[in-house]
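For reference, the structure discussed in these notes is given below.
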Amino acid sequence: MTIVSFIISLVCFTIFAPLLGGLLAGVDRKITARLQSRVGPPLLQPFYDVLKLWNKQKWTVNSYQGFYILMSLVFAIISGVIFFAGGNFLLVVFVLTLSSLFFVIAAYSTRSPYAEIGAEREIAQVMSYEPMVIMLCVAFYLGMDVLNGVSNPGVFDTSAVFALDRPLITCLPLIFVGFLFILTIKFRKSPFDLSYSHHAHQELVKGISTEMSGRTLALVEVTHWYENILFLGWTGIFFVWGNWLAIPIAIVALLVVYFLEIFIDNNFARVKWGAMLRWSWIVTLVCVTVNLVSLNWHWLG
Amino acid sequence: MTATAKSPWLLHYDASSCNGCDIEVLACLTPMYDVERFGIINTGNPKHADIFLVTGSVNEQNIKVLQQIYEQIPDPKVVIACGICACTGGIFRECYNTLGGVDNAIPVDVYAPGCAIRPEAIIDAVVTGLGILEERRSALKENRLAPRPVVTDVTAAAKIVDGVRVDEAVKAALEV
């Protein structure tokens, strides 16, 4: 990551990611509607929603909730900028964790029972996916180590994928499967949309976002658009290598993965937080152990 | 049409309805009528809502609840009374245990009668409400939105005399 790549990423990601993310959300709602034999809203509907929320009366429970949500948005943007500038993957994960913590604290600050339970469920969600995400960083490092050979050691820099001979998914297939499992949690899709049921619209009133309205809620929505683009980026690094074919292949892979998430969303009911935690950790343990041990046979002596 | 009218989020509250009108409200969300194509979402949170759909009439138990929910909805907002019970009290109008229509508790903008109200009529009422919502939005933007407070003197509004609801039209009809 150089100064130039950082500035280009800062401008492009900050401006284009919410546009793309909003469009993606619109496509999501349209496809969900079609899967349910409905017509569905127009593709630009998420933008209308955010604009409408922006024009609502300013109404907050306390004066610092809006600040926490703004910080959540800022750190999500920083995380994405670092990722797309080719920066350190571990740093990307840590900054994103800070963003999600600000979201949780915003809900706790309202001291409303629905928001508090929603925040607790959000924490359970973070606990469910964090092990896999941290292991993703470790697997990225070890995968780069294996693919680069003795000439280059393992790195955390995301830009290093463009110098590979073959994509990461060829040596990290099970890690990808584990990642797909927790991606459902990160995209806030059923069965893991516990904290505020983004698509079904009613769970504990509105869970973690119960006390958020108007501009605060608009910023929450925009944060999700930025995060979704970032997660699609994480999915994409599995399919990118040093060949121009990588770009169309990665884009097709992203569309397939996103459609799979929508399909899962429409076919599964929400689970309890215990089941989500247990299954995420089981999948993480199995996928990570099998994949990393088989990648590094020499560990077994 | 501004973004406000293209993304009206509903809050549905059943005051003392028999659930007939509630079922029709939910039917609007089904593939047959699919109001989501207008951007309408049924949210359960007053803080996220623009349009307040009320079914059923007001009584001593739910009047405070109705008023609290109404006050929790941020401006601009529109209240739609769905079904004849919400409009005037319906067939329960002369009952001792009901105070009549929803306008005895909160200011109503659109009256949509029916027993039960048809989904087409609900959609029609919401579209009428959207026009009012747009006006309120521009008024809010220009800081000229008139406050519409809840009804404070319920007994006068509901015409309660000596603990009994007096309805002149019914009395006159019965005396003939």
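As shown in the structure tokens, the chain order sets the letters A, B, ...; within each chain, residues go from 1, and ligands are also counted from 1 in the order they appear.
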Q.
List as a VMD selection string the protein and nucleic acid residues near range 69-82 of chain A, meaning an atom at most 6 Å away when only C-alpha atoms are counted, but skip any in the same chain fewer than 3 places from it.
A. chain A and resid 9 to 10 66 85 87 92 95 to 96 99 102 to 103 223 230
Q: Per DSSP on the backbone, filter range 66-154 of chain B down to the residues in strand (DSSP E) and report them as a PyMOL selection string.
A: chain B and resi 78-82+110-112
Just the residues within 9 Å of range 83-87 of chain B, please, counting only C-alpha atoms, with nothing from its chain fewer than 3 positions along; format it as an mmCIF file with C-alpha atoms, in the first residue's frame.
```
data_model
loop_
_atom_site.group_PDB
_atom_site.id
_atom_site.type_symbol
_atom_site.label_atom_id
_atom_site.label_comp_id
_atom_site.auth_asym_id
_atom_site.auth_seq_id
_atom_site.Cartn_x
_atom_site.Cartn_y
_atom_site.Cartn_z
ATOM 1 C CA ALA B 15 -56.622 -0.853 18.727
ATOM 2 C CA SER B 16 -59.610 -3.075 19.480
ATOM 3 C CA SER B 17 -60.167 -4.603 16.097
ATOM 4 C CA GLY B 20 -60.512 -8.637 10.146
ATOM 5 C CA CYS B 21 -58.993 -5.327 9.010
ATOM 6 C CA VAL B 54 -54.896 2.067 12.931
ATOM 7 C CA THR B 55 -57.628 -0.567 12.945
ATOM 8 C CA GLY B 56 -60.331 -0.988 15.557
ATOM 9 C CA SER B 57 -61.936 1.558 17.847
ATOM 10 C CA VAL B 58 -60.643 3.321 20.918
ATOM 11 C CA ILE B 80 -54.951 6.511 8.466
ATOM 12 C CA GLY B 90 -68.454 0.824 13.414
ATOM 13 C CA ILE B 91 -71.080 -1.610 14.666
ATOM 14 C CA PHE B 92 -69.729 -1.214 18.195
ATOM 15 C CA ARG B 93 -70.452 2.504 18.174
ATOM 16 C CA GLY B 100 -65.735 5.382 19.184
ATOM 17 C CA GLY B 101 -63.395 6.184 16.329
ATOM 18 C CA VAL B 102 -59.652 6.732 16.538
ATOM 19 C CA ASP B 103 -60.105 10.495 16.119
ATOM 20 C CA VAL B 108 -56.677 11.367 11.809
ATOM 21 C CA VAL B 110 -57.465 9.723 6.112
ATOM 22 C CA TYR B 111 -60.678 7.865 6.902
ATOM 23 C CA ALA B 112 -60.974 4.562 5.046
ATOM 24 C CA PRO B 113 -64.218 2.756 5.840
ATOM 25 C CA GLY B 114 -65.022 -0.884 5.250
ATOM 26 C CA CYS B 115 -65.849 -4.000 7.211
ATOM 27 C CA ALA B 116 -63.394 -5.482 6.636
ATOM 28 C CA ILE B 117 -61.591 -2.890 4.564
ATOM 29 C CA ARG B 118 -60.477 -4.294 1.212
ATOM 30 C CA ILE B 122 -56.115 0.285 2.037
#
```
Q.
I'd like to know which residues of range 153-263 of chain A are helix (DSSP H, G or I) (by DSSP, run on the backbone); could you write them as a ChimeraX atom specification?
A. /A:158-163,168-170,173-186,207-209,214-237,246-263
Atoms kept (C-alpha atoms) for selection, written as a PDB file, in the first residue's frame:
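See selection30.pdb below for the written result:
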```pdb
ATOM      1  CA  THR A 158      -4.007  -7.709  -0.066  1.00  0.00           C
ATOM      2  CA  SER A 159      -2.279  -6.302  -3.158  1.00  0.00           C
ATOM      3  CA  ALA A 160       0.061  -9.313  -3.187  1.00  0.00           C
ATOM      4  CA  VAL A 161      -2.717 -11.496  -4.702  1.00  0.00           C
ATOM      5  CA  PHE A 162      -2.133  -9.826  -8.066  1.00  0.00           C
ATOM      6  CA  ALA A 163       1.343 -11.393  -8.188  1.00  0.00           C
ATOM      7  CA  LEU A 168      -6.000 -18.536  -3.258  1.00  0.00           C
ATOM      8  CA  ILE A 169      -9.060 -20.754  -3.546  1.00  0.00           C
ATOM      9  CA  THR A 170      -6.920 -23.500  -5.085  1.00  0.00           C
ATOM     10  CA  PRO A 173     -11.008 -24.319  -0.523  1.00  0.00           C
ATOM     11  CA  LEU A 174     -12.256 -25.293   2.944  1.00  0.00           C
ATOM     12  CA  ILE A 175     -11.354 -21.898   4.357  1.00  0.00           C
ATOM     13  CA  PHE A 176     -13.598 -20.453   1.626  1.00  0.00           C
ATOM     14  CA  VAL A 177     -16.431 -22.753   2.695  1.00  0.00           C
ATOM     15  CA  GLY A 178     -16.023 -21.662   6.318  1.00  0.00           C
ATOM     16  CA  PHE A 179     -15.914 -18.056   5.169  1.00  0.00           C
ATOM     17  CA  LEU A 180     -19.161 -18.533   3.203  1.00  0.00           C
ATOM     18  CA  PHE A 181     -20.803 -19.842   6.362  1.00  0.00           C
ATOM     19  CA  ILE A 182     -19.978 -16.759   8.406  1.00  0.00           C
ATOM     20  CA  LEU A 183     -20.623 -14.473   5.428  1.00  0.00           C
ATOM     21  CA  THR A 184     -24.328 -15.119   6.050  1.00  0.00           C
ATOM     22  CA  ILE A 185     -23.859 -13.564   9.493  1.00  0.00           C
ATOM     23  CA  LYS A 186     -21.892 -10.617   8.138  1.00  0.00           C
ATOM     24  CA  GLY A 207     -33.641  -4.961  17.844  1.00  0.00           C
ATOM     25  CA  ILE A 208     -30.393  -3.065  17.922  1.00  0.00           C
ATOM     26  CA  SER A 209     -31.784  -0.235  15.775  1.00  0.00           C
ATOM     27  CA  GLY A 214     -34.029   9.681  10.942  1.00  0.00           C
ATOM     28  CA  ARG A 215     -30.463  10.570  10.000  1.00  0.00           C
ATOM     29  CA  THR A 216     -28.933   8.094  12.449  1.00  0.00           C
ATOM     30  CA  LEU A 217     -30.800   5.237  10.803  1.00  0.00           C
ATOM     31  CA  ALA A 218     -29.848   6.551   7.355  1.00  0.00           C
ATOM     32  CA  LEU A 219     -26.168   6.384   8.380  1.00  0.00           C
ATOM     33  CA  VAL A 220     -26.640   2.811   9.664  1.00  0.00           C
ATOM     34  CA  GLU A 221     -28.018   1.814   6.272  1.00  0.00           C
ATOM     35  CA  VAL A 222     -25.124   3.484   4.424  1.00  0.00           C
ATOM     36  CA  THR A 223     -22.620   1.741   6.750  1.00  0.00           C
ATOM     37  CA  HIS A 224     -24.124  -1.576   5.677  1.00  0.00           C
ATOM     38  CA  TRP A 225     -23.667  -0.661   2.024  1.00  0.00           C
ATOM     39  CA  TYR A 226     -19.966   0.074   2.608  1.00  0.00           C
ATOM     40  CA  GLU A 227     -19.554  -3.150   4.620  1.00  0.00           C
ATOM     41  CA  ASN A 228     -21.259  -5.256   1.948  1.00  0.00           C
ATOM     42  CA  ILE A 229     -18.851  -4.001  -0.707  1.00  0.00           C
ATOM     43  CA  LEU A 230     -15.948  -4.759   1.647  1.00  0.00           C
ATOM     44  CA  PHE A 231     -17.204  -8.314   2.237  1.00  0.00           C
ATOM     45  CA  LEU A 232     -17.575  -8.852  -1.488  1.00  0.00           C
ATOM     46  CA  GLY A 233     -13.960  -7.727  -1.720  1.00  0.00           C
ATOM     47  CA  TRP A 234     -12.962 -10.384   0.811  1.00  0.00           C
ATOM     48  CA  THR A 235     -14.819 -12.957  -1.280  1.00  0.00           C
ATOM     49  CA  GLY A 236     -13.057 -11.672  -4.371  1.00  0.00           C
ATOM     50  CA  ILE A 237      -9.475 -12.091  -3.102  1.00  0.00           C
ATOM     51  CA  ALA A 246      -9.072 -13.068 -12.882  1.00  0.00           C
ATOM     52  CA  ILE A 247     -11.293  -9.982 -12.942  1.00  0.00           C
ATOM     53  CA  PRO A 248     -14.269 -11.421 -14.862  1.00  0.00           C
ATOM     54  CA  ILE A 249     -13.946 -14.726 -13.003  1.00  0.00           C
ATOM     55  CA  ALA A 250     -13.933 -12.933  -9.655  1.00  0.00           C
ATOM     56  CA  ILE A 251     -16.982 -10.850 -10.627  1.00  0.00           C
ATOM     57  CA  VAL A 252     -18.911 -13.963 -11.660  1.00  0.00           C
ATOM     58  CA  ALA A 253     -17.888 -15.659  -8.410  1.00  0.00           C
ATOM     59  CA  LEU A 254     -19.122 -12.640  -6.404  1.00  0.00           C
ATOM     60  CA  LEU A 255     -22.495 -12.659  -8.158  1.00  0.00           C
ATOM     61  CA  VAL A 256     -22.884 -16.391  -7.554  1.00  0.00           C
ATOM     62  CA  VAL A 257     -21.978 -16.005  -3.870  1.00  0.00           C
ATOM     63  CA  TYR A 258     -24.369 -13.066  -3.414  1.00  0.00           C
ATOM     64  CA  PHE A 259     -27.192 -14.935  -5.102  1.00  0.00           C
ATOM     65  CA  LEU A 260     -26.437 -17.920  -2.863  1.00  0.00           C
ATOM     66  CA  GLU A 261     -26.744 -15.659   0.200  1.00  0.00           C
ATOM     67  CA  ILE A 262     -30.115 -14.344  -1.022  1.00  0.00           C
ATOM     68  CA  PHE A 263     -31.252 -17.907  -1.684  1.00  0.00           C
TER      69      PHE A 263
END
```
Pull out every residue of chain B that has at least one atom within 6 Å of chain A, counting only C-alpha atoms, and report them as an mmCIF file with N, CA and C atoms, in the first residue's frame.
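Once everything was written out, this is iface_31.cif:
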```cif
data_model
loop_
_atom_site.group_PDB
_atom_site.id
_atom_site.type_symbol
_atom_site.label_atom_id
_atom_site.label_comp_id
_atom_site.auth_asym_id
_atom_site.auth_seq_id
_atom_site.Cartn_x
_atom_site.Cartn_y
_atom_site.Cartn_z
ATOM 1 N N ALA B 3 -38.496 11.597 -2.356
ATOM 2 C CA ALA B 3 -38.129 10.314 -1.748
ATOM 3 C C ALA B 3 -39.067 9.960 -0.595
ATOM 4 N N THR B 4 -39.606 10.997 0.084
ATOM 5 C CA THR B 4 -40.493 10.724 1.222
ATOM 6 C C THR B 4 -41.710 9.933 0.801
ATOM 7 N N SER B 7 -40.980 6.108 -0.268
ATOM 8 C CA SER B 7 -40.516 5.139 0.728
ATOM 9 C C SER B 7 -41.338 5.292 1.999
ATOM 10 N N PRO B 31 -48.057 -11.591 -2.138
ATOM 11 C CA PRO B 31 -47.821 -11.446 -3.571
ATOM 12 C C PRO B 31 -49.016 -10.931 -4.368
ATOM 13 N N GLU B 36 -44.904 -3.714 -1.397
ATOM 14 C CA GLU B 36 -43.486 -3.362 -1.324
ATOM 15 C C GLU B 36 -43.011 -2.760 -2.637
ATOM 16 N N ARG B 37 -43.793 -3.005 -3.729
ATOM 17 C CA ARG B 37 -43.370 -2.390 -4.986
ATOM 18 C C ARG B 37 -43.513 -0.875 -4.965
ATOM 19 N N GLY B 39 -42.456 0.634 -2.267
ATOM 20 C CA GLY B 39 -41.482 0.992 -1.252
ATOM 21 C C GLY B 39 -42.032 0.897 0.152
ATOM 22 N N THR B 43 -43.137 -1.776 9.242
ATOM 23 C CA THR B 43 -42.187 -1.770 10.336
ATOM 24 C C THR B 43 -42.946 -1.812 11.652
ATOM 25 N N GLY B 44 -42.355 -2.420 12.671
ATOM 26 C CA GLY B 44 -43.042 -2.503 13.948
ATOM 27 C C GLY B 44 -42.631 -1.392 14.887
ATOM 28 N N ASN B 45 -41.792 -0.491 14.425
ATOM 29 C CA ASN B 45 -41.174 0.491 15.307
ATOM 30 C C ASN B 45 -41.696 1.886 14.986
ATOM 31 N N LYS B 47 -40.589 4.677 15.753
ATOM 32 C CA LYS B 47 -39.512 5.600 15.425
ATOM 33 C C LYS B 47 -39.045 5.484 13.981
ATOM 34 N N HIS B 48 -39.418 4.389 13.317
ATOM 35 C CA HIS B 48 -39.025 4.204 11.921
ATOM 36 C C HIS B 48 -40.178 4.484 10.963
ATOM 37 N N PRO B 74 -41.755 10.177 14.472
ATOM 38 C CA PRO B 74 -41.218 11.491 14.120
ATOM 39 C C PRO B 74 -41.952 12.074 12.910
ATOM 40 N N ASP B 75 -41.968 13.413 12.815
ATOM 41 C CA ASP B 75 -42.587 14.082 11.675
ATOM 42 C C ASP B 75 -41.748 13.853 10.431
#
```
Name all residues at most 8 Å from Leu66 in chain B (count only C-alpha atoms; drop same-chain ones fewer than 3 positions away) and give them as a compact mmCIF listing (two decimals) with N, CA and C atoms, in the first residue's frame.
```
# COMPACT_ATOMS: atom_id res chain seq x y z
N ALA B 15 -56.12 -1.44 17.48
CA ALA B 15 -56.62 -0.85 18.73
C ALA B 15 -57.57 -1.83 19.43
N ASN B 62 -56.85 1.26 25.51
CA ASN B 62 -55.84 1.51 24.49
C ASN B 62 -55.66 2.98 24.12
N ILE B 63 -56.44 3.88 24.77
CA ILE B 63 -56.31 5.27 24.36
C ILE B 63 -54.92 5.83 24.66
N ILE B 69 -47.92 5.92 21.08
CA ILE B 69 -47.31 5.49 19.82
C ILE B 69 -47.31 6.65 18.83
N TYR B 70 -48.45 7.36 18.76
CA TYR B 70 -48.55 8.49 17.83
C TYR B 70 -47.46 9.52 18.12
N ALA B 105 -58.82 9.99 19.95
CA ALA B 105 -57.55 9.89 20.66
C ALA B 105 -56.45 10.68 19.97
N ILE B 106 -56.35 10.51 18.65
CA ILE B 106 -55.28 11.16 17.89
C ILE B 106 -55.88 11.80 16.64
```
